[in-house]
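Trainee: First the structure, which I've put down as C-alpha cells, then a few questions once you've had a look.
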Amino acid sequence: MATIWVIASVVVDVLFWTLLGPHMAPGRLTSTAGADQTDFNILVVIALPVMIAVWVFLGYSIRTWSAKRGGPEPVGGEAARGNKKVQTIWIVTTTVIVLFLAGFGTVALIGDHGSGGGEGPNPIWAPSGATAAETAALTKSDSWSPSSGKVLVVQVIAQQWKFTYRYPQFGGFETTQLMLPADTSIAFNVTSLDVIHSFWAYQLGVKADANPQENNVAFTDTKSPGSFIVRCSELCGLWHGAMSNNGNVVSPSDFESWATGTEAANAKNTKLLAPFAWTYVPDANGAAGGYYIDSNVTPYSNSELYGAKPSS
Amino acid sequence: MTITADRTEVDATGNDAPPDTGGGPKSSARPGWLSQHVGTALVCAVIGYVIGHWFGNYISSDYIYIANSGSNAVADTLALALGAVGWLAGIGALNYPAAKMIGREAKSSETVDHWSKYVRFSTDHKVVGLQYIVGVLLFLFTGGLLAMAIRTELLSPTTHVFGPGTYIEIVSEHGTIMMMMASSLVVGPLGNYFVPLMIGARRTAFPRIEAFSFWLFMAGYGVIVSALPYGGFPTGWTGYAPLQTQAGVGMISYLLGFAIIGAGMMAAGFNLLVTIIHYRAPGMTWSRIPIFVWSILATAALLCLATPVLFAAGMFGVLDKTVQTAFYVTEHGGSSYLWQNLFWFFGHPEVYIMALPGFGIVGELMPVFTRKPLFAYKVAAAGMIGVALLSFFVWQHHLFQSGIDPDMRPLFMLTTELISIPTGFIFLVGMGTLYKAKIRFEVPMLFVMAVFFNFLIGGITGVFLSDVPVDVTVHGGFFVLSHFHYTIMGGLVFAFMAGVYYWMPKMSGKMMNKKLGLAHFWTMFVFFNLTFFPMFIIGLLGQPRRVFTYAKGLQGLNDFSSVSAFLLGLSFLIFLFNLLYSMWINPVKAPANPWDSLGLEWQTASPIPPHNFDRIPVIMADPYHYSEEGAPPLADFGAGPRENVSAASASTATSVSEE
C-alpha cells in the first residue's frame, strides 16, 4: 500500500508540475499572476499525495476488507479503539503541513505586495515608490513616462454595470479602455459609485472589491505585453453577469503615446469631470455615471498618504 | 405524551413510572377538522398577512415606498411578520404561552395517536423528527428545481432562457433555500428523532420549543418562497449590503426569512443542547455517548452562539429598509463592511453547522458496517469540539479581497488552515475504523464511503481557498462554488442519505428498497462528481459566480456540467420514488434491528412507544463493542417492561450480546 502511494504520488506530482503546472490559472502575465500560479502549483503538489494516500487506503480497504471476500473476522476490543502512535503521527503530520502552508502563504503574500489582492485604503505591503506615486497622483503634480521608472497609478471606478478607469498621472482623464505599460509597477485604486463590485483582472492576478466611498488598493508588476479580461466577481445586481471588458498590456512607449493621445482627445470632457480623488459620491440627479468628489475622508484613513482628503 | 405528565416524571434518574400517556382512547380528545392543524395555520397566516399589510399601510401610508414598485416596505414587512405569527398561532404553537400569560392553565398539547398528528403541533420528538424530514425535503426539492433552472440557463454562454432579472432571482433563491435546508437537514429530522433515543431519554428537554422550531422552519419556507412573487432579490444568499438596501420587496422576504429560520435554528439548538447535557440516562457518561450525539452537541452549541448574529444582522437590514436607519448605508455613517462582518461571523460557523452532523452520521454508521469499534473515539469528539470553537475565528477569510485592513490576513489564513486539523480527524477515525474490518457495503455504507471521497476533495480545496495568494484567483469564482458544493452536498447531503437509509427502518418500521437504493446511490455519486468537478476547472479558467453569460470557450465544460446536473436531479427523483415505494406502495416490514447495530436507539421496542423507554435504561458501556469477546452489555433495561410486554420483549432486553 505504501509503495503504491509513493509511486503514484511521485508520478502524479511530476506529471502535474511539468505538464499542467505551467498552464494553470492565472498565467504569468504579471508578477502577481506568476506568483499566484506558483503558489497554486505548490499547493497542488502537496495536496495530491495527501489525497492519493486517502484514496489508496479507501481502495485497498474496499478490495481487501470487504465482507464479500470472506476473510478473517475483525477483532474488537481495546486494540481496535485507538493507537497512540498512529494518532500522534497523524496529528503531528497534519499540524506540520498546515503550519508550513500558513507560513508559506504569509511569506508569499507579503513578499508579493499583497499578491494582487485589495489591501484597502492603507496598504501595508506596497512596492517601493508606490506611496510617493500615490501622493503625487492625488496632488496632481505627477506625470509618468517610460523612462521615469515610476509606479503607474490607475483608478478603477465600478458602477452598475461597467468599469471605467482614470489615469491621474495623465491629467486624470476617464476612459472605458484599460491600457497598461509592460515592465511597470501598477497601483490599482478601486472604488465604487453604488454597490459592492469586485475588480477581477484575471490574467493580471488582481482582485479587489470595489466598495462605495472606500479606496481599495492592489498592486502588481506587469511583465510582458498581452491582453487580459476584466470581470466583476462580486454579485452587483441585474447585469452582474455582463459586467466585463478587456484590457491590454502594451509596450511602455505605446502606452505613453496612447495615454497622451487620449488625454488630449478627452481634455474637454476631463474638465467637466469631478477632480481626481480616491472616492466619489454618485450624482443622483445627473446623467448616468455622473459623480461628485467625496467630501468625506475615507472612514478608515489614518494615513496622510492614502485616502486623505484631496487639497483642492 | 402530555406536557403535564412530563413535569411529574423524574427524568433520567431511574425506574420511576413511565408517563401515563400516548395512545389510548382518553387522549384522542382533539379530533375533528376544526381543531388546530396545518390548515388552520394556513388560514391564520393569510389573516395575519392581510392584517399586517393593512396596518403597515395605515401607520405609514405616505412614508416609505420602495422605488418603482408602488409597494410600502413597512406594510410588506409587517405583512410577512404577522403572517408568520398567524401561522404559529394557527398551528397552536402559541396556545401555551398565551394561556400562561393571561394566568390560565394551558390546555395540554398532547399528541393524539392518529395519523393527523403529523399535521398538528406535536410535542413528541419522534413526530417532530418525521415532520422535519418532510420539511427539509420540501426545501431540498424546491432548491433542487431552482438548480435545474440555473443549469438550464448556463447551457449557453449568452442569455437564452431567463432574462438577467429572473436568473439572478433564481440563483439567489436557490442559494438561500439550500442554506436554510442544510442548516436543519440533519439536526432537525435525525437530531430531534434520535438524540433522545441514543442518550436514553423519554423526550427532549423542551418539547414545545422543539415543535416550535419545526413550525418556525416551515414559516420560514413560506416567507422565503414569498420572495418569488415579490420579484425576488438580487443579492444571492449572502445579501451584501448596498445592493440589499437598493433591492425591492423580495429582499424583505430574504431578511425576515433568514431571521425566522434563524430563530428556529436557535430554538432547535438550544433544546438539543440542554437535552444532551441534562437528559442522559444514568451511566451515559461523556465517554459513552454516541459520536452522533457529540456532533449534534457541537452543532447545537454553534446554533445557539452563531445564529443570533444573523438574526440581528437581518433585523438591522429590515430597519434600514423600513424606518430608514443607516446600519449599512455608507453615506449616512453606516458601513457595508458591517453586514459582511456580521453575516460571515454567522456564516462561517454556519458552514460547520452544516458539516459536523454529517461527520456524526459517518462516525456513527462506520462501526455498524465494519463490525469494529470506532477508532479514536476521543479524538473524533475532540475534533468536533475543536472545529466548533475554531469556526468563530475564521470568518474574515471571506473578506480577503474586500479592502479590510490587510494585516489581519496572515492571522485568518493561519486560523483557517488550523481548522483543517480537527476537520481531518474524521479521516483518521474513518481510516482507522476501516483497517482490518469486515465491511458490509449496504446502501448506507456506500453513502458513508462517498462522503469520504467527496469531502476529501471539498476539504483540500478549502485549503487552497484559505491561501491568500491563491484566493486572489479563486475567490468569487466557480472554484469556490464547487468547493462548498463538495463539502455541503458531497458531505452533508450524502451523509443525510446514509442516515435516512440506515434509520428509516427504525423510524417507519419499513425497509428502504435496496435495488432502488443502489440505483439512487450510484447515480447520485457519479453525477454529483460529474456535475461539480468540472466546475473547479471552470472556476480556474475564470468564470465568476452568479453570471448568466460566460466565455464562449467554456461552453463545453458548462454543458457537460449541466447535463450531469439534470441526471443528478433524476437521481433525486429515484430517491423520492424509493421513499414512496418503500413506505406506501410496497412496504416491507423491517426487522427490529436490520443492521445488527449495538446503538441504544435500536434496542427500543418497534414501533417505538411514545415514551421511548418503559424503564429508563442504565447504561453500562458505549455502543461500539463490536467483535469483542466478553463485551459488557450495553445497558440494564430494568426488571422488564411495564407495558407493551409482547412487543417490547422481542428487542428490548435480549439484543445486546448477539456478537
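FYI, nothing fancy with the C-alpha cells labels: chains A, B, ... in order, residues from 1 per chain, ligands from 1 as they appear.
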How close does chain A get to chain B? List, as a Markdown table, each residue of chain A within 6 Å, its nearest atom pair and the distance in Å to one decimal, counting only C-alpha atoms.
Mentor:
```
| residue | atom | partner | partner_atom | distance |
| --- | --- | --- | --- | --- |
| A:Ala25 | CA | B:Leu540 | CA | 5.6 |
| A:Asp36 | CA | B:Pro469 | CA | 5.3 |
| A:Phe40 | CA | B:Val470 | CA | 5.7 |
| A:Trp65 | CA | B:Lys438 | CA | 5.3 |
| A:Ser66 | CA | B:Ile439 | CA | 4.6 |
| A:Ala67 | CA | B:Lys438 | CA | 4.8 |
| A:Pro74 | CA | B:Ala437 | CA | 5.1 |
| A:Val75 | CA | B:Ser627 | CA | 5.5 |
| A:Gly76 | CA | B:Glu628 | CA | 4.5 |
| A:Gly77 | CA | B:Glu628 | CA | 5.2 |
| A:Arg81 | CA | B:Phe375 | CA | 4.6 |
| A:Gly82 | CA | B:Ala376 | CA | 4.6 |
| A:Val98 | CA | B:Glu417 | CA | 5.9 |
| A:Ala102 | CA | B:Leu414 | CA | 5.2 |
| A:Gly105 | CA | B:Asp467 | CA | 5.7 |
| A:Thr106 | CA | B:Pro410 | CA | 5.6 |
| A:Leu109 | CA | B:Pro469 | CA | 5.9 |
| A:Ser115 | CA | B:Pro469 | CA | 5.2 |
| A:Gly117 | CA | B:Gln401 | CA | 5.2 |
| A:Gly118 | CA | B:Gln401 | CA | 4.8 |
| A:Glu119 | CA | B:Gly403 | CA | 5.0 |
| A:Gly120 | CA | B:Gly403 | CA | 3.7 |
| A:Val195 | CA | B:Pro242 | CA | 4.8 |
| A:Lys207 | CA | B:Val472 | CA | 5.7 |
| A:Ala208 | CA | B:Gln401 | CA | 5.1 |
| A:Asp209 | CA | B:Ser402 | CA | 4.8 |
| A:Asn216 | CA | B:Gly403 | CA | 5.2 |
| A:Ser233 | CA | B:Pro544 | CA | 5.3 |
| A:Gly237 | CA | B:Pro234 | CA | 5.3 |
| A:Leu238 | CA | B:Gly165 | CA | 5.4 |
| A:Gly241 | CA | B:Val547 | CA | 3.9 |
```
Trainee: Could you take the residues named above and write them with N, CA and C atoms, as a PDB file, in the first residue's frame?
Mentor:
```pdb
ATOM      1  N   ALA A  25      -4.132  28.499 -13.876  1.00  0.00           N
ATOM      2  CA  ALA A  25      -4.578  29.872 -13.711  1.00  0.00           C
ATOM      3  C   ALA A  25      -3.631  30.587 -12.750  1.00  0.00           C
ATOM      4  N   ASP A  36       1.005  33.807  -7.991  1.00  0.00           N
ATOM      5  CA  ASP A  36      -0.221  33.089  -7.624  1.00  0.00           C
ATOM      6  C   ASP A  36      -0.237  31.712  -8.264  1.00  0.00           C
ATOM      7  N   PHE A  40      -0.243  28.171  -6.317  1.00  0.00           N
ATOM      8  CA  PHE A  40      -1.272  27.177  -6.592  1.00  0.00           C
ATOM      9  C   PHE A  40      -0.626  25.831  -6.897  1.00  0.00           C
ATOM     10  N   TRP A  65     -10.909  -5.732   2.571  1.00  0.00           N
ATOM     11  CA  TRP A  65     -11.639  -5.980   3.804  1.00  0.00           C
ATOM     12  C   TRP A  65     -13.146  -6.007   3.597  1.00  0.00           C
ATOM     13  N   SER A  66     -13.551  -6.271   2.352  1.00  0.00           N
ATOM     14  CA  SER A  66     -14.982  -6.388   2.101  1.00  0.00           C
ATOM     15  C   SER A  66     -15.513  -7.687   2.691  1.00  0.00           C
ATOM     16  N   ALA A  67     -16.710  -7.625   3.234  1.00  0.00           N
ATOM     17  CA  ALA A  67     -17.301  -8.821   3.833  1.00  0.00           C
ATOM     18  C   ALA A  67     -17.527  -9.907   2.790  1.00  0.00           C
ATOM     19  N   PRO A  74     -13.119  -9.480  12.064  1.00  0.00           N
ATOM     20  CA  PRO A  74     -12.405  -8.366  12.678  1.00  0.00           C
ATOM     21  C   PRO A  74     -12.275  -8.569  14.179  1.00  0.00           C
ATOM     22  N   VAL A  75     -11.280  -7.961  14.748  1.00  0.00           N
ATOM     23  CA  VAL A  75     -11.054  -8.071  16.185  1.00  0.00           C
ATOM     24  C   VAL A  75     -11.385  -6.747  16.851  1.00  0.00           C
ATOM     25  N   GLY A  76     -12.310  -6.783  17.791  1.00  0.00           N
ATOM     26  CA  GLY A  76     -12.663  -5.559  18.502  1.00  0.00           C
ATOM     27  C   GLY A  76     -11.775  -5.380  19.712  1.00  0.00           C
ATOM     28  N   GLY A  77     -12.332  -4.758  20.726  1.00  0.00           N
ATOM     29  CA  GLY A  77     -11.583  -4.598  21.965  1.00  0.00           C
ATOM     30  C   GLY A  77     -10.677  -3.387  21.945  1.00  0.00           C
ATOM     31  N   ARG A  81      -9.592   0.238  19.321  1.00  0.00           N
ATOM     32  CA  ARG A  81     -10.225   1.517  19.649  1.00  0.00           C
ATOM     33  C   ARG A  81      -9.293   2.692  19.535  1.00  0.00           C
ATOM     34  N   GLY A  82      -8.090   2.442  19.150  1.00  0.00           N
ATOM     35  CA  GLY A  82      -7.182   3.563  19.026  1.00  0.00           C
ATOM     36  C   GLY A  82      -5.770   3.064  19.084  1.00  0.00           C
ATOM     37  N   VAL A  98       0.061  21.944   7.900  1.00  0.00           N
ATOM     38  CA  VAL A  98      -0.782  23.133   7.984  1.00  0.00           C
ATOM     39  C   VAL A  98       0.037  24.360   8.379  1.00  0.00           C
ATOM     40  N   ALA A 102       0.627  27.743   6.184  1.00  0.00           N
ATOM     41  CA  ALA A 102       0.307  29.091   6.662  1.00  0.00           C
ATOM     42  C   ALA A 102       1.533  29.984   6.563  1.00  0.00           C
ATOM     43  N   GLY A 105       2.214  30.688   2.873  1.00  0.00           N
ATOM     44  CA  GLY A 105       1.243  31.642   2.347  1.00  0.00           C
ATOM     45  C   GLY A 105       1.551  33.055   2.801  1.00  0.00           C
ATOM     46  N   THR A 106       1.961  33.192   4.063  1.00  0.00           N
ATOM     47  CA  THR A 106       2.264  34.522   4.581  1.00  0.00           C
ATOM     48  C   THR A 106       3.476  35.117   3.875  1.00  0.00           C
ATOM     49  N   LEU A 109       2.466  36.102   0.457  1.00  0.00           N
ATOM     50  CA  LEU A 109       1.569  37.257   0.476  1.00  0.00           C
ATOM     51  C   LEU A 109       2.349  38.551   0.672  1.00  0.00           C
ATOM     52  N   SER A 115      -0.027  40.131  -3.107  1.00  0.00           N
ATOM     53  CA  SER A 115      -0.433  39.150  -4.110  1.00  0.00           C
ATOM     54  C   SER A 115      -1.530  39.646  -5.036  1.00  0.00           C
ATOM     55  N   GLY A 117      -4.163  41.234  -4.228  1.00  0.00           N
ATOM     56  CA  GLY A 117      -5.449  41.356  -3.558  1.00  0.00           C
ATOM     57  C   GLY A 117      -5.639  42.776  -3.039  1.00  0.00           C
ATOM     58  N   GLY A 118      -6.892  43.175  -2.904  1.00  0.00           N
ATOM     59  CA  GLY A 118      -7.171  44.521  -2.432  1.00  0.00           C
ATOM     60  C   GLY A 118      -6.734  44.695  -0.990  1.00  0.00           C
ATOM     61  N   GLU A 119      -5.951  45.733  -0.719  1.00  0.00           N
ATOM     62  CA  GLU A 119      -5.430  45.938   0.636  1.00  0.00           C
ATOM     63  C   GLU A 119      -6.115  47.073   1.371  1.00  0.00           C
ATOM     64  N   GLY A 120      -7.197  47.604   0.811  1.00  0.00           N
ATOM     65  CA  GLY A 120      -7.874  48.690   1.498  1.00  0.00           C
ATOM     66  C   GLY A 120      -7.188  50.014   1.273  1.00  0.00           C
ATOM     67  N   VAL A 195     -22.992  49.967  -5.443  1.00  0.00           N
ATOM     68  CA  VAL A 195     -22.945  48.781  -4.582  1.00  0.00           C
ATOM     69  C   VAL A 195     -21.537  48.189  -4.620  1.00  0.00           C
ATOM     70  N   LYS A 207      -7.319  41.055  -7.841  1.00  0.00           N
ATOM     71  CA  LYS A 207      -8.734  41.069  -7.485  1.00  0.00           C
ATOM     72  C   LYS A 207      -8.917  41.985  -6.281  1.00  0.00           C
ATOM     73  N   ALA A 208      -9.791  42.971  -6.418  1.00  0.00           N
ATOM     74  CA  ALA A 208     -10.039  43.895  -5.311  1.00  0.00           C
ATOM     75  C   ALA A 208     -11.505  44.295  -5.351  1.00  0.00           C
ATOM     76  N   ASP A 209     -12.179  44.179  -4.231  1.00  0.00           N
ATOM     77  CA  ASP A 209     -13.570  44.608  -4.162  1.00  0.00           C
ATOM     78  C   ASP A 209     -13.661  46.117  -4.334  1.00  0.00           C
ATOM     79  N   ASN A 216      -9.726  50.958  -2.403  1.00  0.00           N
ATOM     80  CA  ASN A 216      -9.135  49.647  -2.176  1.00  0.00           C
ATOM     81  C   ASN A 216      -7.957  49.498  -3.140  1.00  0.00           C
ATOM     82  N   SER A 233     -16.513  40.197 -10.046  1.00  0.00           N
ATOM     83  CA  SER A 233     -16.687  38.911  -9.369  1.00  0.00           C
ATOM     84  C   SER A 233     -17.401  39.061  -8.039  1.00  0.00           C
ATOM     85  N   GLY A 237     -26.032  42.885  -8.856  1.00  0.00           N
ATOM     86  CA  GLY A 237     -27.368  43.184  -9.337  1.00  0.00           C
ATOM     87  C   GLY A 237     -27.616  42.608 -10.721  1.00  0.00           C
ATOM     88  N   LEU A 238     -28.599  43.191 -11.368  1.00  0.00           N
ATOM     89  CA  LEU A 238     -29.178  42.641 -12.585  1.00  0.00           C
ATOM     90  C   LEU A 238     -28.162  42.199 -13.633  1.00  0.00           C
ATOM     91  N   GLY A 241     -23.719  39.627 -14.547  1.00  0.00           N
ATOM     92  CA  GLY A 241     -23.150  38.626 -15.449  1.00  0.00           C
ATOM     93  C   GLY A 241     -22.565  39.217 -16.714  1.00  0.00           C
TER      94      GLY A 241
END
```
Trainee: Which residues are close to Ala137 of chain A, i.e. within 8 Å by only C-alpha atoms, leaving aside same-chain residues fewer than 6 positions away? Reply as a list in words.
Mentor: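 Close residues of Ala137 of chain A: Ser143, Val153, Pro168 and Gln169 of chain A.
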Trainee: Looking at B:Tyr279, B:Trp522, B:Phe478, B:Phe346, which one is nearest to Thr307 of chain B, with distances taken over only C-alpha atoms?
Mentor: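 Closest to Thr307 of chain B of all the choices is B:Phe346.
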Trainee: Give me the residues within 10 Å of Gly499 of chain B as a PyMOL selection string, counting only C-alpha atoms and dropping any in the same chain fewer than 2 places off.
Mentor: chain B and resi 186+190+358+360-362+364-365+444-445+447-448+493-497+501-504
Trainee: Considering only C-alpha atoms, return as a PyMOL selection string whatever protein or nucleic-acid residues lie within 6 Å of segment 201-209 of chain B, sequence-local ones (same chain, fewer than 6 positions apart) excluded.
Mentor: chain B and resi 123+271+275+279+611-612
Trainee: Among segment 108-294 of chain A, which ones does DSSP place in strand (DSSP E or B), written as a JSON list (two decimals) with C-alpha atoms, in the first residue's frame?
Mentor:
```
[["chain", "number", "residue", "atom", "x", "y", "z"],
["A", 117, "GLY", "CA", -5.45, 41.36, -3.56],
["A", 152, "LEU", "CA", 1.68, 53.89, -12.62],
["A", 153, "VAL", "CA", -1.44, 54.86, -10.69],
["A", 154, "VAL", "CA", -4.72, 53.66, -12.21],
["A", 155, "GLN", "CA", -8.10, 54.28, -10.69],
["A", 156, "VAL", "CA", -10.86, 51.77, -11.28],
["A", 157, "ILE", "CA", -14.37, 53.15, -10.83],
["A", 158, "ALA", "CA", -17.02, 50.46, -10.72],
["A", 159, "GLN", "CA", -20.70, 51.17, -11.05],
["A", 162, "LYS", "CA", -19.45, 48.95, -16.02],
["A", 163, "PHE", "CA", -15.88, 49.70, -15.13],
["A", 164, "THR", "CA", -14.24, 53.00, -16.03],
["A", 165, "TYR", "CA", -10.62, 53.95, -15.46],
["A", 166, "ARG", "CA", -8.90, 57.22, -14.60],
["A", 167, "TYR", "CA", -5.22, 57.96, -15.08],
["A", 173, "PHE", "CA", -8.85, 61.55, -17.87],
["A", 174, "GLU", "CA", -11.53, 58.87, -17.68],
["A", 175, "THR", "CA", -11.92, 56.08, -20.18],
["A", 178, "LEU", "CA", -7.80, 49.74, -19.64],
["A", 179, "MET", "CA", -4.29, 50.01, -21.08],
["A", 180, "LEU", "CA", -1.16, 49.22, -19.08],
["A", 181, "PRO", "CA", 2.55, 49.51, -19.86],
["A", 185, "SER", "CA", 4.58, 48.52, -11.22],
["A", 186, "ILE", "CA", 0.87, 49.32, -11.22],
["A", 187, "ALA", "CA", -1.17, 50.59, -8.28],
["A", 188, "PHE", "CA", -4.87, 49.98, -8.83],
["A", 189, "ASN", "CA", -7.13, 52.20, -6.75],
["A", 190, "VAL", "CA", -10.52, 50.55, -6.82],
["A", 191, "THR", "CA", -13.71, 52.26, -5.73],
["A", 192, "SER", "CA", -17.41, 52.09, -6.47],
["A", 197, "HIS", "CA", -18.37, 45.17, -7.11],
["A", 198, "SER", "CA", -15.12, 43.32, -7.49],
["A", 199, "PHE", "CA", -12.45, 44.25, -9.99],
["A", 200, "TRP", "CA", -11.05, 40.96, -11.22],
["A", 201, "ALA", "CA", -8.37, 41.26, -13.87],
["A", 206, "VAL", "CA", -5.50, 41.12, -9.41],
["A", 207, "LYS", "CA", -8.73, 41.07, -7.48],
["A", 208, "ALA", "CA", -10.04, 43.89, -5.31],
["A", 209, "ASP", "CA", -13.57, 44.61, -4.16],
["A", 210, "ALA", "CA", -14.95, 47.96, -5.20],
["A", 212, "PRO", "CA", -18.69, 52.71, -2.22],
["A", 216, "ASN", "CA", -9.14, 49.65, -2.18],
["A", 217, "VAL", "CA", -5.56, 49.47, -3.40],
["A", 218, "ALA", "CA", -3.96, 46.48, -5.13],
["A", 219, "PHE", "CA", -0.52, 46.18, -6.70],
["A", 220, "THR", "CA", 1.03, 44.20, -9.49],
["A", 221, "ASP", "CA", 4.09, 44.37, -11.73],
["A", 222, "THR", "CA", 3.35, 43.81, -15.40],
["A", 226, "GLY", "CA", -0.61, 40.73, -23.66],
["A", 227, "SER", "CA", -4.33, 41.08, -23.29],
["A", 228, "PHE", "CA", -6.50, 40.26, -20.33],
["A", 229, "ILE", "CA", -10.14, 40.22, -19.33],
["A", 230, "VAL", "CA", -11.77, 42.11, -16.51],
["A", 231, "ARG", "CA", -14.88, 40.69, -14.88],
["A", 232, "CYS", "CA", -16.93, 41.72, -11.91],
["A", 244, "SER", "CA", -16.82, 42.76, -18.12],
["A", 245, "ASN", "CA", -14.35, 44.28, -20.51],
["A", 246, "ASN", "CA", -10.92, 43.67, -21.97],
["A", 247, "GLY", "CA", -7.63, 45.31, -21.28],
["A", 248, "ASN", "CA", -4.19, 45.26, -22.83],
["A", 249, "VAL", "CA", -0.65, 45.36, -21.60],
["A", 250, "VAL", "CA", 1.38, 47.14, -24.26],
["A", 280, "TYR", "CA", -16.66, 59.81, -5.10],
["A", 281, "VAL", "CA", -20.35, 60.07, -4.41],
["A", 282, "PRO", "CA", -22.72, 59.49, -7.29],
["A", 291, "TYR", "CA", -20.31, 61.81, -9.69],
["A", 292, "TYR", "CA", -19.02, 64.40, -7.29],
["A", 293, "ILE", "CA", -15.86, 64.37, -5.30]]
```
Trainee: Out of B:Leu140, B:Ile619, B:Leu570, B:Ile102, which residue has the shortest atom-to-atom distance to Asp636 of chain B when counting only C-alpha atoms?
Mentor: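 Of all the options, B:Ile619 lies closest to Asp636 of chain B.
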Trainee: Hey, which of A:Ala33, A:Leu19, A:Leu48, A:Ala53 ends up closest to Thr3 of chain A? Count only C-alpha atoms.
Mentor: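 Checking each candidate against Thr3 of chain A, we get A:Ala53 as the closest.
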Trainee: Using Å and a single decimal, report how far atom CA of Gln203 of chain A sits from atom CA of Asp112 of chain A.
Mentor: 16.0 Å
Trainee: What lies within 10 Å of Thr423 of chain B using only C-alpha atoms, ignoring chain neighbours under 4 positions off, as a VMD selection string?
Mentor: chain B and resid 352 355 to 356 359 380 383 to 384 386 to 388 418 to 419 427 to 428 459
Trainee: What is the distance, in Å and to one decimal place, between atom CA of Glu134 of chain A and atom CA of Gly172 of chain A?
Mentor: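 Spanning atom CA of Glu134 of chain A to atom CA of Gly172 of chain A is a straight-line distance of 12.9 Å.
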Trainee: Which distance in Å separates atom CA of Arg63 of chain A and atom CA of Lys85 of chain A, to one decimal?
Mentor: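 Taking atom CA of Arg63 of chain A as the start and atom CA of Lys85 of chain A as the end point, the length is 25.6 Å.
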Trainee: Could you name the residues that touch Val46 of chain B at 12 Å or less, counting only C-alpha atoms, but leaving out those on the same chain fewer than 5 positions away, as a list in words?
Mentor: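 Counting only C-alpha atoms, the residues come to Gly39, Thr40, Ala41, Ile51, Gly52, His53, Ala79, Leu80, Ala81, Leu82, Gly83, Ala84, Val85, Gly86, Trp87, Leu88, Ala89, Gly90, Ala219, Gly222 and Val223 of chain B.
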